[in-house]
file upload.cif (mmCIF, C-alpha atoms and all ligand atoms)
data_entry
#
loop_
_atom_site.label_atom_id
_atom_site.label_comp_id
_atom_site.auth_asym_id
_atom_site.auth_seq_id
_atom_site.Cartn_x
_atom_site.Cartn_y
_atom_site.Cartn_z
CA MET A 1420 108.06 115.95 92.64
CA SER A 1421 111.13 117.45 91.06
CA THR A 1422 111.26 117.43 87.29
CA GLU A 1423 114.93 116.60 87.17
CA THR A 1424 115.50 112.91 86.53
CA ALA A 1425 117.86 111.16 88.89
CA PRO A 1426 119.96 108.48 87.23
CA VAL A 1427 119.01 104.87 87.80
CA VAL A 1428 121.61 103.20 90.00
CA LEU A 1429 122.38 99.49 89.93
CA THR A 1430 124.41 98.10 92.82
CA ALA A 1431 125.97 94.66 92.54
CA CYS A 1432 125.89 93.20 96.06
CA ALA A 1433 128.67 90.88 97.16
CA ASP A 1434 127.52 87.23 96.90
CA GLY A 1435 123.99 88.47 96.23
CA PRO A 1436 121.56 90.29 93.96
CA ILE A 1437 121.69 93.53 92.03
CA LEU A 1438 119.86 96.35 93.77
CA VAL A 1439 117.97 98.67 91.45
CA ARG A 1440 117.20 102.21 92.57
CA GLY A 1441 115.46 104.71 90.35
CA ASP A 1442 112.68 104.82 87.84
CA VAL A 1443 113.28 102.06 85.34
CA GLU A 1444 110.95 99.59 83.67
CA ILE A 1445 111.68 95.91 84.17
CA ARG A 1446 110.48 93.47 81.49
CA ASP A 1447 110.41 89.70 81.41
CA ALA A 1448 111.75 87.50 78.61
CA ALA A 1449 108.47 87.89 76.71
CA GLY A 1450 108.74 91.67 76.86
CA ARG A 1451 105.94 92.10 79.42
CA VAL A 1452 106.39 94.72 82.08
CA VAL A 1453 107.13 93.16 85.47
CA PRO A 1454 105.09 95.06 88.05
CA ARG A 1455 107.33 96.85 90.47
CA ARG A 1456 105.98 96.81 94.02
CA ARG A 1457 108.63 98.80 95.82
CA ALA A 1458 110.98 101.71 95.24
CA THR A 1459 114.13 99.59 95.50
CA VAL A 1460 114.15 96.07 94.07
CA ALA A 1461 116.72 93.27 94.09
CA LEU A 1462 117.25 91.35 90.86
CA CYS A 1463 118.45 87.76 91.17
CA ARG A 1464 121.79 87.07 89.60
CA CYS A 1465 122.46 83.63 91.06
CA GLY A 1466 119.68 81.89 89.16
CA ALA A 1467 118.18 80.17 92.20
CA SER A 1468 115.38 82.55 93.13
CA GLY A 1469 111.84 81.27 93.24
CA ILE A 1470 110.44 84.70 92.39
CA LYS A 1471 112.54 85.69 89.37
CA PRO A 1472 113.47 88.21 88.21
CA PHE A 1473 113.58 89.26 91.87
CA CYS A 1474 115.88 87.86 94.54
CA ASP A 1475 114.36 85.81 97.37
CA GLY A 1476 117.54 85.21 99.36
CA SER A 1477 118.15 81.77 97.81
CA HIS A 1478 121.66 82.83 96.80
CA LYS A 1479 122.68 82.20 100.41
CA ALA A 1480 121.39 78.63 100.40
CA ILE A 1481 123.32 77.77 97.23
CA GLY A 1482 126.51 79.49 98.40
CA PHE A 1483 126.60 81.94 95.48
CA ARG A 1484 129.93 83.79 95.48
CA THR A 1485 131.13 86.82 93.59
CA ASP A 1486 134.74 86.97 94.79
CA ASP A 1487 135.92 86.59 91.19
CA GLU A 1488 134.30 89.95 90.51
CA VAL A 1489 137.40 92.09 90.83
CA PRO A 1490 136.75 95.74 91.62
CA ARG A 1491 137.60 97.72 88.52
CA PRO A 1492 140.13 100.53 88.72
CA PRO A 1493 138.38 103.89 88.56
CA GLU A 1494 137.83 105.19 85.03
CA PRO A 1495 139.77 108.36 84.33
CA VAL A 1496 137.21 111.15 84.54
CA PRO A 1497 137.82 113.84 81.92
CA ALA A 1498 138.19 117.26 83.47
CA PRO A 1499 135.74 119.89 82.23
CA GLY A 1500 136.95 121.36 78.94
CA ASP A 1501 139.21 118.36 78.59
CA GLY A 1502 136.95 116.63 76.07
CA PRO A 1503 137.94 115.58 72.56
CA HIS A 1504 139.55 118.49 70.77
CA ARG A 1505 137.71 118.50 67.50
CA ASP A 1506 139.82 121.28 66.13
CA ALA A 1507 143.04 119.43 66.83
CA PRO A 1508 144.79 118.06 63.76
CA MET B 616 96.18 99.68 123.70
CA ARG B 617 94.34 98.08 126.59
CA ALA B 618 96.44 98.06 129.77
CA PRO B 619 97.84 94.54 130.29
CA MET B 620 96.94 92.33 133.24
CA PRO B 621 99.61 92.20 135.97
CA ARG B 622 101.58 88.97 136.30
CA GLY B 623 103.19 89.45 139.71
CA PRO B 624 103.82 91.95 142.53
CA LEU B 625 105.92 94.39 140.50
CA SER B 626 103.56 94.64 137.53
CA GLU B 627 100.67 94.86 139.99
CA ARG B 628 102.16 97.99 141.56
CA VAL B 629 103.27 99.51 138.26
CA LEU B 630 99.85 99.05 136.68
CA ALA B 631 98.13 100.42 139.78
CA SER B 632 100.35 103.51 139.51
CA LEU B 633 99.61 103.85 135.82
CA THR B 634 95.86 103.55 136.06
CA SER B 635 95.50 105.69 139.19
CA GLY B 636 97.98 108.33 137.99
CA ASP B 637 99.40 108.29 141.49
CA VAL B 638 102.90 106.94 140.95
CA ASP B 639 104.27 104.91 143.85
CA PRO B 640 107.74 106.34 144.71
CA ALA B 641 108.92 102.88 145.80
CA LEU B 642 108.63 101.45 142.25
CA PRO B 643 112.33 101.68 141.32
CA ASP B 644 113.31 99.84 144.51
CA GLU B 645 110.62 97.24 143.86
CA ALA B 646 111.99 96.84 140.34
CA VAL B 647 115.51 96.26 141.68
CA ARG B 648 114.16 93.62 144.06
CA ALA B 649 112.13 91.87 141.37
CA ALA B 650 114.92 91.86 138.80
CA ASP B 651 117.63 90.79 141.24
CA ALA B 652 115.49 87.91 142.48
CA SER B 653 114.96 86.65 138.95
CA ALA B 654 116.96 83.68 137.71
CA ASP B 655 116.26 84.49 134.07
CA LEU B 656 114.75 87.84 133.15
CA LEU B 657 113.86 86.66 129.66
CA VAL B 658 111.24 84.31 131.01
CA ASP B 659 110.24 86.41 134.02
CA GLU B 660 106.54 87.11 133.47
CA ASP B 661 106.32 89.87 136.06
CA VAL B 662 109.36 91.81 134.79
CA GLN B 663 108.60 91.43 131.09
CA ILE B 664 104.95 92.52 131.31
CA THR B 665 106.11 95.52 133.38
CA LEU B 666 108.53 96.49 130.62
CA THR B 667 105.83 95.99 127.98
CA ALA B 668 103.48 98.35 129.83
CA LEU B 669 106.18 100.97 130.36
CA TYR B 670 107.36 100.87 126.74
CA GLU B 671 103.84 101.17 125.42
CA LEU B 672 103.64 104.63 127.01
CA HIS B 673 106.09 105.71 124.26
CA HIS B 674 104.13 104.12 121.39
CA GLN B 675 100.33 104.02 121.32
CA GLY B 676 99.78 104.64 125.03
CA LEU B 677 97.59 102.60 127.36
CA ASP B 678 93.81 103.04 127.59
CA GLY B 679 92.83 105.00 130.68
CA VAL B 680 96.43 106.02 131.46
CA ASP B 681 97.43 109.69 131.47
CA ASP B 682 99.73 110.36 128.48
CA ARG B 683 101.86 112.61 130.67
CA LEU B 684 103.12 109.56 132.56
CA GLU B 685 105.33 108.80 129.56
CA TRP B 686 107.92 111.14 131.08
CA ASP B 687 107.25 110.51 134.75
CA PRO B 688 110.71 110.36 136.42
CA THR B 689 109.80 107.52 138.76
CA LEU B 690 108.46 105.37 135.93
CA LEU B 691 111.52 106.20 133.81
CA ARG B 692 113.76 105.18 136.71
CA THR B 693 111.81 101.96 137.11
CA ARG B 694 112.29 101.18 133.44
CA ALA B 695 116.00 102.08 133.61
CA VAL B 696 116.55 99.71 136.54
CA LEU B 697 114.97 96.85 134.62
CA GLU B 698 116.75 97.71 131.40
CA GLU B 699 120.12 97.79 133.11
CA ARG B 700 119.67 94.23 134.31
CA PHE B 701 118.00 93.03 131.12
CA GLU B 702 120.89 94.37 129.05
CA ALA B 703 123.44 92.91 131.45
CA GLN B 704 121.89 89.46 131.16
CA LEU B 705 121.84 89.68 127.37
CA ARG B 706 125.49 90.76 127.29
CA ARG B 707 126.34 87.81 129.56
CA ASP B 708 124.34 85.21 127.67
CA VAL B 709 124.89 86.24 124.07
CA ALA B 710 128.31 85.81 122.53
CA VAL B 711 129.67 86.78 119.15
CA PRO B 712 131.86 83.85 118.00
CA ASP B 713 135.61 84.54 118.22
CA ASP B 714 136.37 83.19 114.76
CA LEU B 715 133.78 85.57 113.31
CA LEU B 716 135.62 88.49 114.86
CA ALA B 717 138.94 87.21 113.54
CA GLU B 718 137.49 86.90 110.03
CA LEU B 719 136.00 90.36 110.32
CA GLU B 720 139.42 91.81 111.15
CA ALA B 721 140.95 90.00 108.18
CA SER B 722 138.30 91.02 105.67
CA THR B 723 138.33 94.62 106.94
CA ALA B 724 141.98 94.75 105.86
CA THR B 725 141.20 93.44 102.37
CA GLU B 726 137.82 94.92 101.45
CA GLY B 727 137.22 97.79 103.89
CA LEU B 728 135.05 98.13 106.97
CA ALA B 729 131.51 98.46 105.54
CA PRO B 730 131.65 95.38 103.25
CA ALA B 731 133.43 93.43 105.98
CA VAL B 732 130.71 94.20 108.52
CA ALA B 733 128.02 93.16 106.02
CA ARG B 734 129.92 89.92 105.36
CA ALA B 735 130.27 89.22 109.09
CA LEU B 736 126.54 89.77 109.64
CA PHE B 737 125.60 87.44 106.78
CA ASP B 738 128.04 84.90 108.20
CA LEU B 739 126.62 85.21 111.72
CA THR B 740 123.02 84.86 110.57
CA SER B 741 123.84 81.85 108.41
CA ARG B 742 125.28 80.00 111.41
CA ASP B 743 122.01 79.99 113.23
CA GLU B 744 121.37 76.30 113.85
CA GLY B 745 118.73 74.93 116.10
CA PRO B 746 115.17 73.98 115.37
CA SER B 747 113.46 76.16 112.85
CA LEU B 748 109.98 77.43 113.59
CA SER B 749 109.38 78.18 109.92
CA ALA B 750 110.27 74.62 108.92
CA TYR B 751 107.90 73.29 111.59
CA VAL B 752 105.12 75.56 110.38
CA ALA B 753 105.72 74.59 106.75
CA ARG B 754 105.49 70.86 107.43
CA LYS B 755 103.69 70.09 110.67
CA ALA B 756 101.75 72.92 112.30
CA THR B 757 98.04 72.28 112.78
CA ASP B 758 95.45 74.92 112.01
CA ALA B 759 95.27 75.79 115.73
CA GLN B 760 99.06 76.12 115.87
CA LEU B 761 99.03 78.49 112.88
CA ARG B 762 96.64 80.66 114.86
CA GLU B 763 98.88 80.49 117.91
CA MET B 764 101.86 81.53 115.87
CA LEU B 765 99.95 84.57 114.62
CA VAL B 766 98.89 85.42 118.16
CA GLN B 767 102.51 85.14 119.34
CA ARG B 768 103.79 87.28 116.51
CA SER B 769 100.99 89.84 116.68
CA VAL B 770 102.60 91.51 119.70
CA TYR B 771 105.39 92.72 117.42
CA GLN B 772 103.92 92.50 113.94
CA LEU B 773 101.04 94.91 114.65
CA LYS B 774 103.74 97.51 115.39
CA GLU B 775 106.16 96.10 112.87
CA ALA B 776 109.17 98.36 112.23
CA ASP B 777 108.30 100.86 114.98
CA PRO B 778 111.07 99.96 117.47
CA HIS B 779 113.80 100.40 114.83
CA THR B 780 112.38 103.73 113.67
CA TRP B 781 113.66 105.27 116.91
CA ALA B 782 117.17 104.99 115.47
CA ILE B 783 116.53 107.32 112.50
CA PRO B 784 117.26 110.66 114.19
CA ARG B 785 120.31 109.14 115.88
CA LEU B 786 121.97 108.35 112.54
CA GLN B 787 123.45 110.54 109.84
CA GLY B 788 124.25 110.29 106.15
CA VAL B 789 124.58 106.81 104.57
CA PRO B 790 123.18 104.69 107.42
CA LYS B 791 120.32 107.13 108.00
CA ALA B 792 119.31 107.07 104.32
CA ALA B 793 119.53 103.26 104.40
CA LEU B 794 117.29 102.96 107.45
CA VAL B 795 114.74 105.36 106.01
CA GLU B 796 114.76 103.40 102.75
CA ILE B 797 113.98 100.17 104.62
CA GLN B 798 111.41 101.71 106.95
CA ALA B 799 109.57 103.51 104.13
CA ASP B 800 109.06 100.11 102.52
CA GLU B 801 107.98 98.57 105.85
CA TYR B 802 105.41 101.33 106.19
CA GLY B 803 103.95 100.65 102.75
CA GLY B 804 105.77 103.26 100.66
CA GLY B 805 103.03 105.82 101.27
CA ARG B 806 100.13 103.37 100.98
CA PRO B 807 98.74 102.53 104.42
CA GLU B 808 97.03 99.37 103.19
CA ARG B 809 100.44 98.00 102.17
CA MET B 810 102.03 98.72 105.53
CA HIS B 811 103.46 95.47 106.83
CA ALA B 812 101.51 95.78 110.06
CA ALA B 813 98.33 96.18 107.97
CA LEU B 814 99.18 93.10 105.90
CA PHE B 815 99.70 91.15 109.11
CA ALA B 816 96.34 92.33 110.43
CA ARG B 817 94.77 91.05 107.23
CA THR B 818 96.32 87.63 107.76
CA MET B 819 95.00 87.58 111.33
CA ARG B 820 91.49 88.41 110.17
CA GLY B 821 91.75 85.68 107.56
CA LEU B 822 92.12 83.18 110.41
CA GLY B 823 89.33 84.66 112.48
CA LEU B 824 91.64 86.45 114.91
CA ASP B 825 91.09 89.90 116.37
CA ASP B 826 93.59 92.34 114.83
CA THR B 827 93.18 95.03 117.49
CA TYR B 828 96.58 96.45 118.44
CA GLY B 829 97.87 94.74 121.58
CA ARG B 830 94.84 92.46 121.75
CA TYR B 831 96.84 89.34 122.62
CA VAL B 832 99.53 90.79 124.86
CA ASP B 833 97.97 89.07 127.88
CA ASP B 834 98.05 85.72 126.10
CA VAL B 835 101.70 85.44 125.20
CA PRO B 836 104.47 84.23 127.52
CA ALA B 837 107.37 86.34 128.83
CA ILE B 838 109.86 85.13 126.23
CA THR B 839 107.72 86.57 123.42
CA LEU B 840 107.42 89.87 125.29
CA ALA B 841 111.18 89.79 125.92
CA SER B 842 111.96 89.70 122.20
CA VAL B 843 109.84 92.81 121.61
CA ASN B 844 111.06 94.53 124.77
CA MET B 845 114.64 93.97 123.69
CA MET B 846 113.98 95.82 120.42
CA MET B 847 112.29 98.62 122.34
CA MET B 848 115.24 98.91 124.70
CA PHE B 849 117.70 98.99 121.79
CA GLY B 850 115.53 101.51 119.94
CA LEU B 851 114.73 103.91 122.76
CA ASN B 852 118.25 104.25 124.12
CA ARG B 853 120.50 106.30 121.85
CA ARG B 854 123.50 104.68 123.53
CA LEU B 855 122.36 101.37 122.03
CA ARG B 856 121.98 102.62 118.43
CA GLY B 857 124.59 100.11 117.30
CA CYS B 858 122.51 97.30 118.82
CA VAL B 859 119.26 98.35 117.17
CA VAL B 860 121.00 98.56 113.80
CA GLY B 861 122.55 95.11 114.26
CA HIS B 862 119.21 93.77 115.41
CA LEU B 863 117.44 94.99 112.28
CA ALA B 864 120.17 93.61 110.03
CA ALA B 865 119.90 90.16 111.62
CA PHE B 866 116.12 90.29 111.52
CA GLU B 867 116.09 91.07 107.81
CA MET B 868 118.80 88.53 107.04
CA THR B 869 116.78 85.70 108.57
CA SER B 870 113.47 86.60 107.00
CA SER B 871 113.10 85.86 103.28
CA GLN B 872 113.31 82.08 103.27
CA PRO B 873 111.50 81.59 106.61
CA ASN B 874 108.62 83.67 105.28
CA ARG B 875 108.41 81.47 102.22
CA LEU B 876 108.10 78.50 104.59
CA TYR B 877 105.48 80.24 106.76
CA GLY B 878 103.48 80.93 103.61
CA ASN B 879 103.77 77.25 102.66
CA GLY B 880 102.35 76.26 106.04
CA PHE B 881 99.25 78.35 105.45
CA ARG B 882 98.92 77.16 101.85
CA ARG B 883 99.10 73.57 103.09
CA HIS B 884 95.96 74.28 105.13
CA GLY B 885 94.21 75.74 102.10
CA TYR B 886 94.51 79.43 102.92
CA ASP B 887 94.48 81.72 99.90
CA ALA B 888 96.83 84.43 98.66
CA ASP B 889 95.02 87.04 100.72
CA VAL B 890 96.11 85.28 103.91
CA THR B 891 99.64 84.51 102.69
CA TRP B 892 100.16 88.01 101.24
CA TYR B 893 102.01 89.13 104.34
CA PHE B 894 104.51 86.26 104.09
CA ASP B 895 104.86 86.45 100.30
CA GLU B 896 105.51 90.18 100.54
CA HIS B 897 108.34 89.56 103.01
CA VAL B 898 110.07 87.04 100.76
CA GLU B 899 110.65 89.78 98.20
CA ALA B 900 110.93 92.80 100.51
CA ASP B 901 113.41 91.33 102.95
CA ALA B 902 115.72 90.10 100.19
CA VAL B 903 116.07 93.81 99.37
CA HIS B 904 116.21 94.97 102.97
CA GLU B 905 118.92 92.52 104.04
CA GLN B 906 121.27 93.96 101.41
CA ILE B 907 120.60 97.55 102.43
CA ALA B 908 120.77 96.68 106.12
CA GLY B 909 124.06 94.79 105.84
CA ARG B 910 126.19 97.15 103.87
CA ASP B 911 124.70 100.64 103.94
CA LEU B 912 123.02 100.59 107.34
CA ALA B 913 125.24 98.43 109.55
CA GLY B 914 128.41 98.73 107.48
CA GLY B 915 127.82 102.44 106.91
CA LEU B 916 127.31 103.11 110.61
CA VAL B 917 130.44 101.24 111.65
CA GLU B 918 132.44 103.04 109.00
CA GLN B 919 131.37 106.36 110.52
CA GLN B 920 131.66 105.23 114.14
CA PRO B 921 134.02 102.25 114.39
CA ALA B 922 133.53 102.10 118.16
CA LEU B 923 129.99 100.82 117.50
CA ARG B 924 131.19 97.73 115.66
CA ASP B 925 130.87 95.34 118.57
CA ASP B 926 127.43 96.65 119.52
CA VAL B 927 126.22 96.08 115.96
CA LEU B 928 127.40 92.48 116.16
CA PHE B 929 125.99 92.05 119.66
CA GLY B 930 122.59 93.42 118.56
CA ALA B 931 122.53 90.93 115.71
CA ALA B 932 123.58 88.02 117.91
CA ALA B 933 120.99 89.01 120.53
CA CYS B 934 118.26 89.03 117.89
CA LEU B 935 119.19 85.48 116.84
CA ALA B 936 119.50 84.22 120.41
CA VAL B 937 116.25 85.63 121.75
CA ASP B 938 114.16 84.91 118.67
CA GLY B 939 115.66 81.43 118.74
CA ARG B 940 114.26 80.96 122.24
CA VAL B 941 110.87 82.28 121.14
CA GLY B 942 110.77 79.74 118.33
CA ARG B 943 112.03 76.88 120.49
CA HIS B 944 109.34 77.55 123.07
CA GLN B 945 106.65 77.19 120.42
CA ILE B 946 108.13 74.04 118.88
CA GLU B 947 108.63 72.41 122.27
CA SER B 948 105.12 73.22 123.44
CA TRP B 949 103.55 71.93 120.25
CA THR B 950 105.70 68.81 120.16
CA ALA B 951 104.54 68.07 123.71
CA GLY B 952 100.94 68.48 122.57
CA GLU B 953 100.51 71.71 124.56
CA SER B 954 99.63 75.29 123.78
CA SER B 955 102.50 77.78 123.58
CA LEU B 956 100.25 80.50 125.00
CA ARG B 957 99.47 81.36 128.61
CA ARG B 958 95.80 80.72 128.01
CA PRO B 959 93.94 79.25 125.08
CA VAL B 960 92.76 81.85 122.61
CA ALA B 961 89.05 82.10 122.07
CA VAL B 962 89.01 82.72 118.34
CA GLY B 963 86.92 85.65 117.26
CA SER B 964 85.91 86.53 120.81
CA PRO B 965 85.48 90.20 121.57
CA ALA B 966 88.47 91.94 123.12
S1 LIG C 1601 120.58 86.58 93.85
FE1 LIG C 1601 119.29 86.30 95.53
S2 LIG C 1601 118.18 84.55 94.97
FE2 LIG C 1601 119.49 84.84 93.27
#
call {"tool": "encode", "arguments": {"input": "upload.cif", "output": "structure tokens", "more": "lines below"}}
Ligand code: FES
result
Amino acid sequence: MSTETAPVVLTACADGPILVRGDVEIRDAAGRVVPRRRATVALCRCGASGIKPFCDGSHKAIGFRTDDEVPRPPEPVPAPGDGPHRDAP
Amino acid sequence: MRAPMPRGPLSERVLASLTSGDVDPALPDEAVRAADASADLLVDEDVQITLTALYELHHQGLDGVDDRLEWDPTLLRTRAVLEERFEAQLRRDVAVPDDLLAELEASTATEGLAPAVARALFDLTSRDEGPSLSAYVARKATDAQLREMLVQRSVYQLKEADPHTWAIPRLQGVPKAALVEIQADEYGGGRPERMHAALFARTMRGLGLDDTYGRYVDDVPAITLASVNMMMMFGLNRRLRGCVVGHLAAFEMTSSQPNRLYGNGFRRHGYDADVTWYFDEHVEADAVHEQIAGRDLAGGLVEQQPALRDDVLFGAAACLAVDGRVGRHQIESWTAGESSLRRPVAVGSPA
């Protein structure tokens, strides 16, 4: 195993769950750790799943839509050395 | 696995060639004759069991058959002749709806190819009407019918994921990573006891069935073999990589909720969590897999190779059509008070 830590990536799926990739602890409302049984998990964001916090595909049955989720314009990425100039007046 | 029993003149000759090691040079011509005489290859017992035997040479092999026959040119030609006609029938019978294609064109323009392909696949799989085997199992199936369903499914589920794995070295980049991500989970994420095929075997044992690989191949009808043979054909032929990807996407997209219902059927008969583990596992796993399969696998492949778009959709539609027939056969048999198998299964009997 490499010692470098890869960032955790969350992917919001169209009309569906949020996929979680990477090493992150998931806790329930009471603060208990939710056992993670697979490398990639899908978190329900439609509210209809029978196995919350995970998705069980119920979003399809209730016609959950995310079209109002407009793709954001890309954030301007600061070029290296282009950070805040602390010595500027 | 144990070599299957022949079901007609073609399989008789193919199995004789396999077990003797002396391959009959007339097999490809025999295969042409058998396939051309068939009104419906999907329910042709002789042709489908022949394909099953020939494909198995590439997986676990057949007991008493020389492993070298896997690459015997005459046997490969025999398989190719059958596949050509099998594929042609599927392409004739299975249609991707026109309005789905029109919507796919429109959404490709607005959101890009990969998300549009995922959307089209979710749309296609949600249209699947027709009687639902999982709903029947949840509400009506008797204990004996639950066993039959496991026997029917065991032909694929004891090698679950294997046919699609053939696609991995044919893909690159995004779709390859997506397929490996799905398959790694199918194969238990490094823990053999969590492999989906192993979980299915556990369910079989819980109902007193024999979980030996290929144990019930002789018991299931042609249509069940056809659904597995179709995956094998899509998987083994690089040319059909779009089809195998579409097939997997459709399979995953029609799995979570049906598996919840299958689990309910077994719970209704008092079976415990050990027996329903397989189904419960799929409710969660396939809700993940369907997302990866839709966008990154199928969408990602089409983005790289747009010419494969229609094969991806065809593979998905073929999965729905053939598995629909498999399910309908079981429901119709059971509704008529009959067994869906070719012969009644002696539970717990030695192989
Ligand atoms: S997002 Fe899939 S069930 Fe809620």
call {"tool": "closest_atom_pairs", "arguments": {"input": "upload.cif", "of": "chain B", "to": "ligand LIG 1601 (chain C)", "cutoff": "12 Å", "atoms": "only C-alpha atoms and all ligand atoms", "output": "CSV"}}
result
residue,atom,partner,partner_atom,distance
B:Met868,CA,C:LIG1601,FE1,11.7
B:Ser871,CA,C:LIG1601,S2,9.8
B:Gln872,CA,C:LIG1601,S2,9.9
B:Val898,CA,C:LIG1601,S2,10.3
B:Glu899,CA,C:LIG1601,FE1,9.7
B:Ala900,CA,C:LIG1601,FE1,11.7
B:Asp901,CA,C:LIG1601,FE1,10.7
B:Ala902,CA,C:LIG1601,FE1,7.0
B:Val903,CA,C:LIG1601,FE1,9.0
B:His904,CA,C:LIG1601,FE1,11.8
B:Glu905,CA,C:LIG1601,FE1,10.5
B:Gln906,CA,C:LIG1601,FE1,9.9
call {"tool": "atom_distance", "arguments": {"input": "upload.cif", "atom1": "atom CA of Ile1445 of chain A", "atom2": "atom CA of Gln798 of chain B"}}
result
23.5 Å
call {"tool": "closest_atom_pairs", "arguments": {"input": "upload.cif", "of": "segment 1444-1477 of chain A", "to": "segment 1427-1435 of chain A", "cutoff": "10 Å", "atoms": "only C-alpha atoms", "output": "JSON lines"}}
result
{"residue": "A:Thr1459", "atom": "CA", "partner": "A:Leu1429", "partner_atom": "CA", "distance": 10.0}
{"residue": "A:Val1460", "atom": "CA", "partner": "A:Leu1429", "partner_atom": "CA", "distance": 9.8}
{"residue": "A:Ala1461", "atom": "CA", "partner": "A:Gly1435", "partner_atom": "CA", "distance": 9.0}
{"residue": "A:Leu1462", "atom": "CA", "partner": "A:Gly1435", "partner_atom": "CA", "distance": 9.1}
{"residue": "A:Cys1463", "atom": "CA", "partner": "A:Gly1435", "partner_atom": "CA", "distance": 7.5}
{"residue": "A:Arg1464", "atom": "CA", "partner": "A:Gly1435", "partner_atom": "CA", "distance": 7.1}
{"residue": "A:Cys1465", "atom": "CA", "partner": "A:Gly1435", "partner_atom": "CA", "distance": 7.2}
{"residue": "A:Cys1474", "atom": "CA", "partner": "A:Gly1435", "partner_atom": "CA", "distance": 8.3}
{"residue": "A:Gly1476", "atom": "CA", "partner": "A:Gly1435", "partner_atom": "CA", "distance": 7.9}
{"residue": "A:Ser1477", "atom": "CA", "partner": "A:Gly1435", "partner_atom": "CA", "distance": 9.0}
call {"tool": "residues_around", "arguments": {"input": "upload.cif", "residues": "segment 688-692 of chain B", "least_positions_apart": "5", "cutoff": "8 Å", "atoms": "only C-alpha atoms", "output": "MDAnalysis selection string"}}
result
chainID B and resid 638:640 642:643 669
call {"tool": "atom_distance", "arguments": {"input": "upload.cif", "atom1": "atom CA of Pro959 of chain B", "atom2": "atom CA of Asp834 of chain B"}}
result
7.7 Å
call {"tool": "atom_distance", "arguments": {"input": "upload.cif", "atom1": "atom CA of Val662 of chain B", "atom2": "atom CA of Gly623 of chain B"}}
result
8.2 Å
call {"tool": "closest_residue", "arguments": {"input": "upload.cif", "among": "A:Val1439, A:Gly1469, A:Arg1456, A:Asp1475", "to": "chain B", "atoms": "only C-alpha atoms"}}
result
A:Asp1475
call {"tool": "closest_residue", "arguments": {"input": "upload.cif", "among": "A:Val1453, A:His1478, A:Arg1446, A:Pro1426", "to": "chain B", "atoms": "only C-alpha atoms"}}
result
A:His1478
call {"tool": "closest_residue", "arguments": {"input": "upload.cif", "among": "B:Ile797, B:Val629, B:Val680, B:Leu912", "to": "chain A", "atoms": "all atoms listed in the file"}}
result
B:Ile797
call {"tool": "decode", "arguments": {"input": "upload.cif", "residues": "segment 1442-1450 of chain A", "atoms": "N, CA, C and O atoms", "output": "mmCIF file, in the first residue's frame"}}
result
data_model
loop_
_atom_site.group_PDB
_atom_site.id
_atom_site.type_symbol
_atom_site.label_atom_id
_atom_site.label_comp_id
_atom_site.auth_asym_id
_atom_site.auth_seq_id
_atom_site.Cartn_x
_atom_site.Cartn_y
_atom_site.Cartn_z
ATOM 1 N N ASP A 1442 -11.034 6.636 1.260
ATOM 2 C CA ASP A 1442 -11.089 6.189 2.647
ATOM 3 C C ASP A 1442 -11.714 7.255 3.530
ATOM 4 O O ASP A 1442 -11.060 8.217 3.918
ATOM 5 N N VAL A 1443 -12.967 7.105 3.810
ATOM 6 C CA VAL A 1443 -13.648 8.096 4.651
ATOM 7 C C VAL A 1443 -14.623 7.357 5.558
ATOM 8 O O VAL A 1443 -15.216 6.357 5.173
ATOM 9 N N GLU A 1444 -14.746 7.851 6.791
ATOM 10 C CA GLU A 1444 -15.647 7.200 7.742
ATOM 11 C C GLU A 1444 -17.046 7.767 7.570
ATOM 12 O O GLU A 1444 -17.218 8.974 7.444
ATOM 13 N N ILE A 1445 -18.029 6.880 7.563
ATOM 14 C CA ILE A 1445 -19.415 7.336 7.460
ATOM 15 C C ILE A 1445 -20.074 7.095 8.813
ATOM 16 O O ILE A 1445 -19.937 6.009 9.386
ATOM 17 N N ARG A 1446 -20.756 8.101 9.346
ATOM 18 C CA ARG A 1446 -21.432 7.946 10.643
ATOM 19 C C ARG A 1446 -22.916 8.230 10.499
ATOM 20 O O ARG A 1446 -23.316 9.032 9.663
ATOM 21 N N ASP A 1447 -23.690 7.573 11.354
ATOM 22 C CA ASP A 1447 -25.132 7.812 11.317
ATOM 23 C C ASP A 1447 -25.475 9.009 12.208
ATOM 24 O O ASP A 1447 -24.581 9.638 12.787
ATOM 25 N N ALA A 1448 -26.775 9.300 12.302
ATOM 26 C CA ALA A 1448 -27.200 10.502 13.032
ATOM 27 C C ALA A 1448 -26.775 10.445 14.494
ATOM 28 O O ALA A 1448 -26.555 11.478 15.132
ATOM 29 N N ALA A 1449 -26.635 9.229 15.035
ATOM 30 C CA ALA A 1449 -26.234 9.096 16.440
ATOM 31 C C ALA A 1449 -24.710 9.095 16.602
ATOM 32 O O ALA A 1449 -24.203 8.902 17.703
ATOM 33 N N GLY A 1450 -24.012 9.280 15.500
ATOM 34 C CA GLY A 1450 -22.553 9.353 15.589
ATOM 35 C C GLY A 1450 -21.869 7.999 15.522
ATOM 36 O O GLY A 1450 -20.654 7.897 15.655
#
